[in-house]
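Trainee: Provided below: entry_36.cif, containing mmCIF, C-alpha atoms.
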```cif
data_final
#
loop_
_atom_site.group_PDB
_atom_site.id
_atom_site.type_symbol
_atom_site.label_atom_id
_atom_site.label_comp_id
_atom_site.auth_asym_id
_atom_site.auth_seq_id
_atom_site.Cartn_x
_atom_site.Cartn_y
_atom_site.Cartn_z
ATOM 1 C CA MET A 1 33.736 -58.943 -212.748
ATOM 2 C CA TYR A 2 32.075 -59.373 -216.130
ATOM 3 C CA THR A 3 28.607 -57.964 -216.762
ATOM 4 C CA GLN A 4 26.217 -58.519 -219.647
ATOM 5 C CA LYS A 5 22.600 -57.623 -220.364
ATOM 6 C CA ILE A 6 20.475 -60.070 -222.319
ATOM 7 C CA THR A 7 17.232 -58.546 -223.580
ATOM 8 C CA PHE A 8 14.109 -60.686 -223.853
ATOM 9 C CA ASP A 9 11.412 -58.183 -224.872
ATOM 10 C CA PRO A 10 12.616 -54.658 -225.753
ATOM 11 C CA HIS A 11 9.089 -53.237 -225.615
ATOM 12 C CA ALA A 12 8.521 -54.525 -222.081
ATOM 13 C CA ASP A 13 12.178 -53.957 -221.058
ATOM 14 C CA THR A 14 12.534 -57.520 -219.824
ATOM 15 C CA GLY A 15 15.725 -59.502 -219.690
ATOM 16 C CA LEU A 16 18.603 -60.886 -217.677
ATOM 17 C CA THR A 17 21.591 -58.912 -216.386
ATOM 18 C CA LEU A 18 24.594 -61.111 -215.598
ATOM 19 C CA TYR A 19 27.229 -60.458 -212.941
ATOM 20 C CA LEU A 20 29.957 -63.049 -213.384
ATOM 21 C CA ASN A 21 33.121 -63.549 -211.369
ATOM 22 C CA ASP A 22 36.216 -63.521 -213.568
ATOM 23 C CA GLN A 23 38.033 -66.840 -213.668
ATOM 24 C CA LEU A 24 41.508 -65.655 -212.731
ATOM 25 C CA VAL A 25 44.492 -67.912 -213.401
ATOM 26 C CA SER A 26 45.263 -67.773 -209.681
ATOM 27 C CA MET A 27 41.803 -69.270 -209.022
ATOM 28 C CA ASP A 28 42.173 -72.324 -211.255
ATOM 29 C CA ARG A 29 41.502 -74.573 -208.277
ATOM 30 C CA ILE A 30 37.796 -73.569 -208.543
ATOM 31 C CA GLU A 31 36.072 -76.061 -210.815
ATOM 32 C CA LYS A 32 32.524 -74.650 -210.790
ATOM 33 C CA ARG A 33 30.652 -71.731 -209.198
ATOM 34 C CA PRO A 34 26.988 -71.709 -208.143
ATOM 35 C CA PHE A 35 24.661 -69.213 -209.839
ATOM 36 C CA ILE A 36 21.880 -67.291 -208.118
ATOM 37 C CA LEU A 37 19.073 -65.634 -210.057
ATOM 38 C CA VAL A 38 17.701 -62.548 -208.296
ATOM 39 C CA ILE A 39 14.056 -61.580 -208.864
ATOM 40 C CA PRO A 40 13.164 -58.165 -207.420
ATOM 41 C CA GLY A 41 9.727 -57.331 -206.072
ATOM 42 C CA GLY A 42 7.429 -54.431 -206.858
ATOM 43 C CA GLY A 43 3.937 -55.886 -206.894
ATOM 44 C CA TYR A 44 4.220 -56.662 -210.621
ATOM 45 C CA SER A 45 4.034 -52.869 -211.090
ATOM 46 C CA PHE A 46 7.811 -52.342 -211.329
ATOM 47 C CA CYS A 47 11.098 -54.049 -210.442
ATOM 48 C CA SER A 48 12.564 -52.722 -207.200
ATOM 49 C CA GLU A 49 16.176 -51.681 -207.736
ATOM 50 C CA ARG A 50 16.862 -52.130 -204.001
ATOM 51 C CA GLU A 51 16.099 -55.828 -204.445
ATOM 52 C CA ALA A 52 18.029 -56.215 -207.682
ATOM 53 C CA GLU A 53 21.702 -55.341 -208.195
ATOM 54 C CA PRO A 54 22.553 -54.924 -204.464
ATOM 55 C CA ILE A 55 21.424 -58.506 -203.833
ATOM 56 C CA ALA A 56 23.280 -59.833 -206.870
ATOM 57 C CA LEU A 57 26.515 -58.084 -205.900
ATOM 58 C CA ALA A 58 26.261 -59.352 -202.316
ATOM 59 C CA PHE A 59 26.300 -62.908 -203.663
ATOM 60 C CA VAL A 60 29.064 -62.103 -206.174
ATOM 61 C CA ALA A 61 31.156 -60.961 -203.205
ATOM 62 C CA LYS A 62 30.636 -64.446 -201.747
ATOM 63 C CA GLY A 63 32.106 -65.986 -204.914
ATOM 64 C CA TYR A 64 28.840 -66.784 -206.674
ATOM 65 C CA HIS A 65 27.807 -65.859 -210.175
ATOM 66 C CA ALA A 66 24.564 -63.889 -210.156
ATOM 67 C CA GLY A 67 21.929 -62.466 -212.449
ATOM 68 C CA VAL A 68 18.970 -60.117 -212.106
ATOM 69 C CA LEU A 69 15.728 -60.953 -213.897
ATOM 70 C CA ARG A 70 13.562 -58.070 -215.061
ATOM 71 C CA TYR A 71 10.199 -59.512 -216.002
ATOM 72 C CA HIS A 72 6.861 -58.269 -217.357
ATOM 73 C CA VAL A 73 5.517 -55.613 -215.004
ATOM 74 C CA GLY A 74 3.461 -52.419 -215.090
ATOM 75 C CA GLU A 75 1.386 -51.969 -218.212
ATOM 76 C CA GLN A 76 2.987 -55.143 -219.586
ATOM 77 C CA ARG A 77 2.199 -57.221 -216.510
ATOM 78 C CA ASP A 78 1.156 -60.762 -217.332
ATOM 79 C CA PHE A 79 1.832 -63.693 -215.013
ATOM 80 C CA GLU A 80 2.268 -66.276 -217.780
ATOM 81 C CA GLN A 81 4.737 -64.053 -219.614
ATOM 82 C CA SER A 82 6.613 -63.364 -216.380
ATOM 83 C CA LEU A 83 6.842 -67.112 -215.766
ATOM 84 C CA GLN A 84 8.192 -67.507 -219.305
ATOM 85 C CA ASP A 85 10.763 -64.807 -218.487
ATOM 86 C CA GLY A 86 11.887 -66.897 -215.526
ATOM 87 C CA GLU A 87 12.010 -70.039 -217.641
ATOM 88 C CA ARG A 88 14.071 -68.321 -220.311
ATOM 89 C CA ALA A 89 16.459 -66.943 -217.692
ATOM 90 C CA LEU A 90 17.225 -70.492 -216.512
ATOM 91 C CA ILE A 91 17.913 -71.487 -220.129
ATOM 92 C CA GLU A 92 20.186 -68.483 -220.733
ATOM 93 C CA ILE A 93 22.173 -69.208 -217.576
ATOM 94 C CA LYS A 94 23.073 -72.629 -218.954
ATOM 95 C CA LYS A 95 24.267 -70.971 -222.177
ATOM 96 C CA ILE A 96 26.881 -68.845 -220.398
ATOM 97 C CA ASP A 97 30.373 -69.320 -221.842
ATOM 98 C CA PRO A 98 31.956 -72.413 -220.230
ATOM 99 C CA CYS A 99 35.034 -70.328 -219.388
ATOM 100 C CA PHE A 100 33.043 -68.877 -216.456
ATOM 101 C CA LYS A 101 32.527 -72.386 -215.053
ATOM 102 C CA VAL A 102 28.870 -72.083 -214.055
ATOM 103 C CA ALA A 103 27.686 -75.131 -212.112
ATOM 104 C CA HIS A 104 24.541 -76.085 -214.026
ATOM 105 C CA ASP A 105 23.333 -78.278 -211.168
ATOM 106 C CA GLN A 106 23.722 -75.413 -208.686
ATOM 107 C CA ILE A 107 21.373 -72.742 -210.003
ATOM 108 C CA ALA A 108 19.318 -71.139 -207.247
ATOM 109 C CA VAL A 109 16.639 -68.472 -207.390
ATOM 110 C CA ILE A 110 15.895 -65.738 -204.843
ATOM 111 C CA GLY A 111 12.773 -63.595 -205.046
ATOM 112 C CA PHE A 112 11.373 -60.774 -202.938
ATOM 113 C CA SER A 113 7.664 -60.034 -202.437
ATOM 114 C CA ALA A 114 6.158 -60.240 -205.970
ATOM 115 C CA GLY A 115 9.555 -61.560 -207.067
ATOM 116 C CA GLY A 116 9.098 -64.208 -204.388
ATOM 117 C CA HIS A 117 5.777 -65.026 -206.007
ATOM 118 C CA LEU A 118 7.536 -65.547 -209.330
ATOM 119 C CA ALA A 119 10.372 -67.527 -207.712
ATOM 120 C CA ALA A 120 7.834 -69.811 -206.015
ATOM 121 C CA ALA A 121 5.977 -70.174 -209.324
ATOM 122 C CA MET A 122 9.208 -71.202 -211.061
ATOM 123 C CA SER A 123 9.806 -73.733 -208.278
ATOM 124 C CA THR A 124 6.350 -75.277 -208.541
ATOM 125 C CA LEU A 125 5.014 -74.749 -212.081
ATOM 126 C CA LEU A 126 8.023 -75.076 -214.386
ATOM 127 C CA GLU A 127 9.118 -78.467 -215.675
ATOM 128 C CA GLU A 128 12.793 -77.494 -215.313
ATOM 129 C CA LYS A 129 13.051 -75.998 -211.837
ATOM 130 C CA PRO A 130 15.883 -74.212 -210.036
ATOM 131 C CA ALA A 131 17.902 -76.442 -207.715
ATOM 132 C CA LEU A 132 17.187 -74.311 -204.641
ATOM 133 C CA CYS A 133 14.753 -71.495 -203.857
ATOM 134 C CA ILE A 134 14.996 -68.538 -201.471
ATOM 135 C CA LEU A 135 11.849 -66.522 -200.760
ATOM 136 C CA GLY A 136 11.902 -63.116 -199.091
ATOM 137 C CA TYR A 137 8.547 -61.957 -197.653
ATOM 138 C CA PRO A 138 6.827 -63.640 -200.633
ATOM 139 C CA ALA A 139 3.314 -63.151 -201.998
ATOM 140 C CA ILE A 140 1.857 -66.644 -202.411
ATOM 141 C CA LEU A 141 -1.934 -66.691 -202.341
ATOM 142 C CA ALA A 142 -4.383 -66.154 -205.210
ATOM 143 C CA SER A 143 -6.050 -63.442 -203.134
ATOM 144 C CA PHE A 144 -2.821 -61.450 -203.182
ATOM 145 C CA ALA A 145 -2.309 -62.190 -206.873
ATOM 146 C CA GLU A 146 -5.634 -60.404 -207.375
ATOM 147 C CA VAL A 147 -4.275 -57.424 -205.435
ATOM 148 C CA MET A 148 -1.242 -57.412 -207.757
ATOM 149 C CA LYS A 149 -3.636 -57.475 -210.753
ATOM 150 C CA ILE A 150 -2.455 -60.775 -212.159
ATOM 151 C CA GLU A 151 -4.171 -64.119 -212.643
ATOM 152 C CA ALA A 152 -2.281 -66.815 -210.782
ATOM 153 C CA PRO A 153 -3.171 -69.772 -208.562
ATOM 154 C CA SER A 154 -2.355 -69.997 -204.876
ATOM 155 C CA LEU A 155 1.163 -71.341 -205.127
ATOM 156 C CA ASP A 156 0.968 -73.290 -201.882
ATOM 157 C CA ALA A 157 -1.544 -75.518 -203.696
ATOM 158 C CA CYS A 158 1.043 -76.076 -206.458
ATOM 159 C CA VAL A 159 3.792 -77.481 -204.219
ATOM 160 C CA THR A 160 4.767 -81.090 -204.989
ATOM 161 C CA PRO A 161 7.571 -83.384 -203.787
ATOM 162 C CA GLU A 162 9.530 -82.110 -206.817
ATOM 163 C CA THR A 163 9.551 -78.525 -205.485
ATOM 164 C CA PRO A 164 13.175 -77.639 -204.630
ATOM 165 C CA PRO A 165 14.382 -77.185 -201.053
ATOM 166 C CA THR A 166 13.384 -73.717 -199.895
ATOM 167 C CA PHE A 167 14.670 -71.014 -197.559
ATOM 168 C CA LEU A 168 12.008 -68.505 -196.517
ATOM 169 C CA PHE A 169 12.421 -65.323 -194.503
ATOM 170 C CA SER A 170 9.797 -62.772 -193.575
ATOM 171 C CA THR A 171 8.438 -60.756 -190.649
ATOM 172 C CA PHE A 172 5.419 -61.225 -188.438
ATOM 173 C CA GLU A 173 4.743 -57.491 -188.670
ATOM 174 C CA ASP A 174 4.880 -57.336 -192.497
ATOM 175 C CA ASN A 175 2.603 -54.402 -193.299
ATOM 176 C CA VAL A 176 1.931 -55.322 -196.940
ATOM 177 C CA VAL A 177 1.970 -59.101 -197.477
ATOM 178 C CA PRO A 178 0.208 -60.929 -194.602
ATOM 179 C CA ILE A 179 2.398 -63.534 -192.935
ATOM 180 C CA GLU A 180 -0.326 -66.063 -193.798
ATOM 181 C CA ASN A 181 1.263 -66.262 -197.268
ATOM 182 C CA SER A 182 4.523 -67.571 -195.813
ATOM 183 C CA LEU A 183 2.890 -69.895 -193.287
ATOM 184 C CA LEU A 184 0.681 -71.617 -195.851
ATOM 185 C CA TYR A 185 3.606 -72.101 -198.227
ATOM 186 C CA LEU A 186 5.707 -73.611 -195.427
ATOM 187 C CA ALA A 187 2.832 -75.927 -194.495
ATOM 188 C CA ALA A 188 2.639 -77.080 -198.125
ATOM 189 C CA LEU A 189 6.370 -77.783 -198.195
ATOM 190 C CA GLU A 190 6.076 -79.830 -195.011
ATOM 191 C CA ALA A 191 3.095 -81.758 -196.347
ATOM 192 C CA ASN A 192 5.115 -82.720 -199.422
ATOM 193 C CA ASP A 193 8.301 -83.521 -197.491
ATOM 194 C CA VAL A 194 10.216 -80.725 -199.207
ATOM 195 C CA PRO A 195 13.186 -79.687 -197.028
ATOM 196 C CA PHE A 196 13.009 -76.084 -195.864
ATOM 197 C CA GLU A 197 14.444 -73.567 -193.450
ATOM 198 C CA SER A 198 12.501 -70.544 -192.292
ATOM 199 C CA HIS A 199 13.252 -67.378 -190.325
ATOM 200 C CA ILE A 200 10.205 -65.297 -189.453
ATOM 201 C CA PHE A 201 11.365 -62.233 -187.574
ATOM 202 C CA GLN A 202 8.917 -60.596 -185.198
ATOM 203 C CA LYS A 203 9.813 -57.040 -186.183
ATOM 204 C CA GLY A 204 10.239 -55.445 -189.580
ATOM 205 C CA LEU A 205 8.386 -53.684 -192.359
ATOM 206 C CA HIS A 206 7.778 -55.066 -195.824
ATOM 207 C CA GLY A 207 10.442 -54.676 -198.497
ATOM 208 C CA LEU A 208 13.516 -54.437 -196.274
ATOM 209 C CA SER A 209 15.891 -55.877 -198.892
ATOM 210 C CA LEU A 210 19.332 -56.171 -197.243
ATOM 211 C CA ALA A 211 18.066 -53.922 -194.413
ATOM 212 C CA THR A 212 21.431 -52.172 -194.055
ATOM 213 C CA LYS A 213 22.059 -48.427 -193.871
ATOM 214 C CA TRP A 214 23.317 -48.404 -197.460
ATOM 215 C CA PHE A 215 20.127 -49.849 -198.937
ATOM 216 C CA GLY A 216 17.365 -48.763 -196.577
ATOM 217 C CA ALA A 217 14.879 -46.450 -198.291
ATOM 218 C CA SER A 218 14.257 -44.734 -194.941
ATOM 219 C CA PRO A 219 15.494 -45.082 -191.333
ATOM 220 C CA GLU A 220 12.595 -47.475 -190.689
ATOM 221 C CA MET A 221 13.972 -49.768 -193.401
ATOM 222 C CA ILE A 222 17.264 -50.292 -191.568
ATOM 223 C CA ASP A 223 17.063 -53.352 -189.346
ATOM 224 C CA GLU A 224 20.290 -55.002 -188.199
ATOM 225 C CA ARG A 225 18.474 -58.030 -186.828
ATOM 226 C CA PHE A 226 16.530 -58.687 -190.020
ATOM 227 C CA ALA A 227 19.719 -58.129 -192.044
ATOM 228 C CA ARG A 228 20.993 -61.449 -190.697
ATOM 229 C CA TRP A 229 18.846 -63.207 -193.298
ATOM 230 C CA PHE A 230 21.598 -62.821 -195.899
ATOM 231 C CA GLU A 231 24.295 -64.716 -193.997
ATOM 232 C CA LEU A 232 21.731 -67.304 -192.913
ATOM 233 C CA ALA A 233 20.624 -67.820 -196.516
ATOM 234 C CA TYR A 234 24.229 -68.073 -197.716
ATOM 235 C CA GLU A 235 24.994 -70.692 -195.045
ATOM 236 C CA TRP A 236 21.887 -72.615 -196.103
ATOM 237 C CA LEU A 237 22.954 -72.563 -199.750
ATOM 238 C CA GLU A 238 26.395 -73.870 -198.836
ATOM 239 C CA LEU A 239 24.841 -76.567 -196.656
ATOM 240 C CA ASN A 240 22.736 -77.810 -199.558
ATOM 241 C CA TRP A 241 25.494 -77.578 -202.173
ATOM 242 C CA SER A 242 27.685 -79.716 -199.908
ATOM 243 C CA GLN A 243 25.193 -82.592 -199.721
ATOM 244 C CA PRO A 244 27.135 -85.699 -200.826
ATOM 245 C CA LYS A 245 24.414 -87.225 -202.992
ATOM 246 C CA SER A 246 21.350 -86.160 -204.910
ATOM 247 C CA LEU A 247 17.793 -86.962 -203.902
ATOM 248 C CA ALA A 248 17.514 -89.279 -206.906
ATOM 249 C CA GLN A 249 20.591 -91.223 -205.817
ATOM 250 C CA GLY A 250 19.172 -91.520 -202.318
ATOM 251 C CA GLU A 251 15.898 -92.850 -203.672
ATOM 252 C CA GLU A 252 17.716 -95.386 -205.818
ATOM 253 C CA GLU A 253 19.741 -96.613 -202.858
ATOM 254 C CA GLU A 254 16.563 -96.898 -200.776
ATOM 255 C CA SER A 255 14.946 -99.060 -203.464
ATOM 256 C CA LEU A 256 17.850 -101.520 -203.321
ATOM 257 C CA LYS A 257 17.249 -102.257 -199.644
ATOM 258 C CA PRO A 258 15.137 -105.257 -198.552
ATOM 259 C CA LEU A 259 11.431 -104.417 -198.562
ATOM 260 C CA PHE A 260 11.038 -104.171 -194.792
ATOM 261 C CA GLU A 261 14.168 -102.010 -194.483
ATOM 262 C CA GLN A 262 12.783 -99.295 -196.770
ATOM 263 C CA SER A 263 11.082 -96.335 -195.138
ATOM 264 C CA LEU A 264 7.300 -96.259 -195.143
ATOM 265 C CA GLN A 265 7.506 -92.901 -196.913
ATOM 266 C CA HIS A 266 9.515 -94.459 -199.744
ATOM 267 C CA LEU A 267 7.143 -97.412 -200.098
ATOM 268 C CA MET A 268 4.082 -95.157 -200.187
ATOM 269 C CA LYS A 269 5.388 -93.383 -203.297
ATOM 270 C CA GLU A 270 4.381 -96.404 -205.386
ATOM 271 C CA LYS A 271 0.611 -96.113 -205.803
ATOM 272 C CA ARG A 272 -0.174 -99.851 -205.806
ATOM 273 C CA ILE A 273 1.942 -100.461 -202.714
ATOM 274 C CA GLN A 274 0.345 -97.433 -201.060
ATOM 275 C CA GLU A 275 -3.149 -98.827 -201.710
ATOM 276 C CA LEU A 276 -2.129 -102.240 -200.362
ATOM 277 C CA LEU A 277 -0.570 -100.819 -197.192
ATOM 278 C CA ILE A 278 -3.582 -98.617 -196.455
ATOM 279 C CA LYS A 279 -5.902 -101.576 -197.001
ATOM 280 C CA GLU A 280 -3.978 -103.741 -194.537
ATOM 281 C CA PHE A 281 -3.163 -100.908 -192.123
ATOM 282 C CA PRO A 282 -6.101 -98.434 -192.255
ATOM 283 C CA LYS A 283 -4.470 -96.072 -189.731
ATOM 284 C CA LEU A 284 -2.023 -95.040 -192.471
ATOM 285 C CA SER A 285 -4.892 -93.108 -194.041
ATOM 286 C CA GLU A 286 -4.919 -90.824 -190.988
ATOM 287 C CA LYS A 287 -2.713 -87.924 -192.042
ATOM 288 C CA SER A 288 -1.463 -86.961 -188.587
ATOM 289 C CA TYR A 289 -0.657 -90.595 -187.724
ATOM 290 C CA TYR A 290 1.161 -91.183 -191.006
ATOM 291 C CA LYS A 291 3.316 -88.077 -190.502
ATOM 292 C CA ILE A 292 4.544 -89.417 -187.181
ATOM 293 C CA ILE A 293 5.663 -92.805 -188.516
ATOM 294 C CA ARG A 294 6.539 -92.148 -192.171
ATOM 295 C CA LYS A 295 10.309 -92.188 -191.598
ATOM 296 C CA PHE A 296 10.229 -95.664 -190.010
ATOM 297 C CA THR A 297 10.729 -98.975 -191.805
ATOM 298 C CA LEU A 298 8.150 -101.756 -191.582
ATOM 299 C CA ASN A 299 10.521 -103.743 -189.376
ATOM 300 C CA GLN A 300 10.816 -100.802 -186.992
ATOM 301 C CA LEU A 301 7.042 -100.325 -186.968
ATOM 302 C CA HIS A 302 6.582 -104.001 -186.122
ATOM 303 C CA ARG A 303 8.867 -103.595 -183.116
ATOM 304 C CA LEU A 304 7.185 -100.356 -182.025
ATOM 305 C CA ALA A 305 3.545 -101.367 -182.583
ATOM 306 C CA PRO A 306 3.233 -105.139 -183.102
ATOM 307 C CA GLU A 307 -0.490 -104.969 -182.340
ATOM 308 C CA ILE A 308 -0.963 -102.905 -185.541
ATOM 309 C CA PHE A 309 1.955 -104.067 -187.689
ATOM 310 C CA SER A 310 1.750 -107.762 -186.862
ATOM 311 C CA SER A 311 4.021 -110.442 -188.339
ATOM 312 C CA THR A 312 1.018 -112.062 -189.987
ATOM 313 C CA LYS A 313 -0.029 -108.898 -191.816
ATOM 314 C CA LEU A 314 3.521 -107.998 -192.787
ATOM 315 C CA THR A 315 4.058 -111.464 -194.255
ATOM 316 C CA LEU A 316 0.809 -111.093 -196.197
ATOM 317 C CA VAL A 317 1.903 -107.689 -197.515
ATOM 318 C CA GLN A 318 5.254 -109.090 -198.613
ATOM 319 C CA GLU A 319 3.619 -112.000 -200.439
ATOM 320 C CA LYS A 320 1.209 -109.712 -202.292
ATOM 321 C CA ILE A 321 3.972 -107.306 -203.291
ATOM 322 C CA GLU A 322 6.217 -110.103 -204.524
ATOM 323 C CA LYS A 323 3.318 -111.616 -206.451
ATOM 324 C CA ASN A 324 2.288 -108.391 -208.180
ATOM 325 C CA PHE A 325 5.681 -106.847 -208.788
#
```
Just dump the structure as structure tokens.

Mentor:
Amino acid sequence: MYTQKITFDPHADTGLTLYLNDQLVSMDRIEKRPFILVIPGGGYSFCSEREAEPIALAFVAKGYHAGVLRYHVGEQRDFEQSLQDGERALIEIKKIDPCFKVAHDQIAVIGFSAGGHLAAAMSTLLEEKPALCILGYPAILASFAEVMKIEAPSLDACVTPETPPTFLFSTFEDNVVPIENSLLYLAALEANDVPFESHIFQKGLHGLSLATKWFGASPEMIDERFARWFELAYEWLELNWSQPKSLAQGEEEESLKPLFEQSLQHLMKEKRIQELLIKEFPKLSEKSYYKIIRKFTLNQLHRLAPEIFSSTKLTLVQEKIEKNF
């Protein structure tokens, strides 16, 4: 394994520590390796070592490249600067010597607690976002940002359809960050059709890290059941890396289909078409109703509810779309 420390701000002791798998001759069959950026928690007061190198090395053991981000905390705490630290880390990862074969389209971020806050911020506020995001018992809300003595928006309000697929794990009994933070972020992902997987364990204190006997700060921090999050997260990463086509490719293929064979959700992404459809079918403005039918095509909706999606109205919609586009 090759390690390297890249310093961002010597005064604030910020930077990126790399943990890279050596590309052995016997492993030439491997074309590219995913990279995971680890962001430890600590309430923006410090960077928890239990949520830093141990996490990175666990992923290195799975064959990934990894890095630990140390961002502005303590007396140097500043949310905007921390976000810039995250942005710079993503840039530095893409500068890694090509001999290590880092897959630039497979850069994920994992953050714990306050590090989860920063990981979620990178996934919602940065122009260049990580490909996937893992959040461990994350702080999300502006009210908790105030507790951490930083100025930041509620990140659930910052989620857009461009937010990367997300894996979130936490505990109902979290004694520091209320589970409301996780639930509101998940609701925002769902509202924006961002794929996610979530595991909210009933039991468990805050800050469990890997939750094994080697990294538990006390006997109460050892939780074999909660420790399953790591294998679950790794499986989720592999599931997403193995997807045969990108979201953009899928969207392009959808656009090539006949109008009535495109999903309602796809059609509603074009503002003028959205306005036309809502005008002709007012029930689409009802959020709960739209969620139920958004995956259907107009042809399917006609078959399911001809009294609403009548042939006459669908023909009218098609004529107006063809005329204006």

Trainee: Which residues, protein or nucleic acid, reach to within 12 Å of (23.7, -55.3, -204.2) in the file's coordinates when using only C-alpha atoms, and can you give that as a list in words?

Mentor: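 The answer, in the requested form, is Tyr19, Val38, Pro40, Ser48, Glu49, Arg50, Glu51, Ala52, Glu53, Pro54, Ile55, Ala56, Leu57, Ala58, Phe59, Val60, Ala61, Lys62, Ala66, Gly67, Val68, Ser209, Leu210, Ala211, Thr212, Trp214, Phe215, Gly216 and Phe230 of chain A.
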
Trainee: Between CA of Glu275 in chain A and CA of Ala187 in chain A, what is the distance, to one decimal in Å?

Mentor: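 One can read the CA of Glu275 in chain A to CA of Ala187 in chain A distance as 24.7 Å.
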
Trainee: Using only C-alpha atoms, which of the listed residues (A:Cys47, A:Ile179, A:Leu298, A:Ile39) sits closest to Ala120 in chain A?

Mentor: A:Ile39

Trainee: So how many Å separate CA of Gln274 in chain A and CA of Glu261 in chain A, to one decimal?

Mentor: 16.0 Å

Trainee: For each of A:Ile140, A:Met1, A:Glu280, A:Asn175, take the minimum atom-to-atom distance to Thr312 in chain A, counting only C-alpha atoms, then give the residue where this is smallest.

Mentor: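 Selected residue with least distance to Thr312 in chain A: A:Glu280.
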
Trainee: List, as a ChimeraX atom specification, every residue that the PyMOL selection byres ((chain A and resi 303-310) around 12) selects in the file provided.

Mentor: /A:260,277-278,280-284,293,296-302,311-317

Trainee: Can you translate the PyMOL selection byres ((chain A and resi 30) around 12) into the concrete residues it hits in this file, as a list in words?

Mentor: Asn21, Asp22, Gln23, Leu24, Val25, Ser26, Met27, Asp28, Arg29, Glu31, Lys32, Arg33, Pro34, Gly63, Tyr64, Cys99, Phe100, Lys101, Val102 and Ala103 of chain A
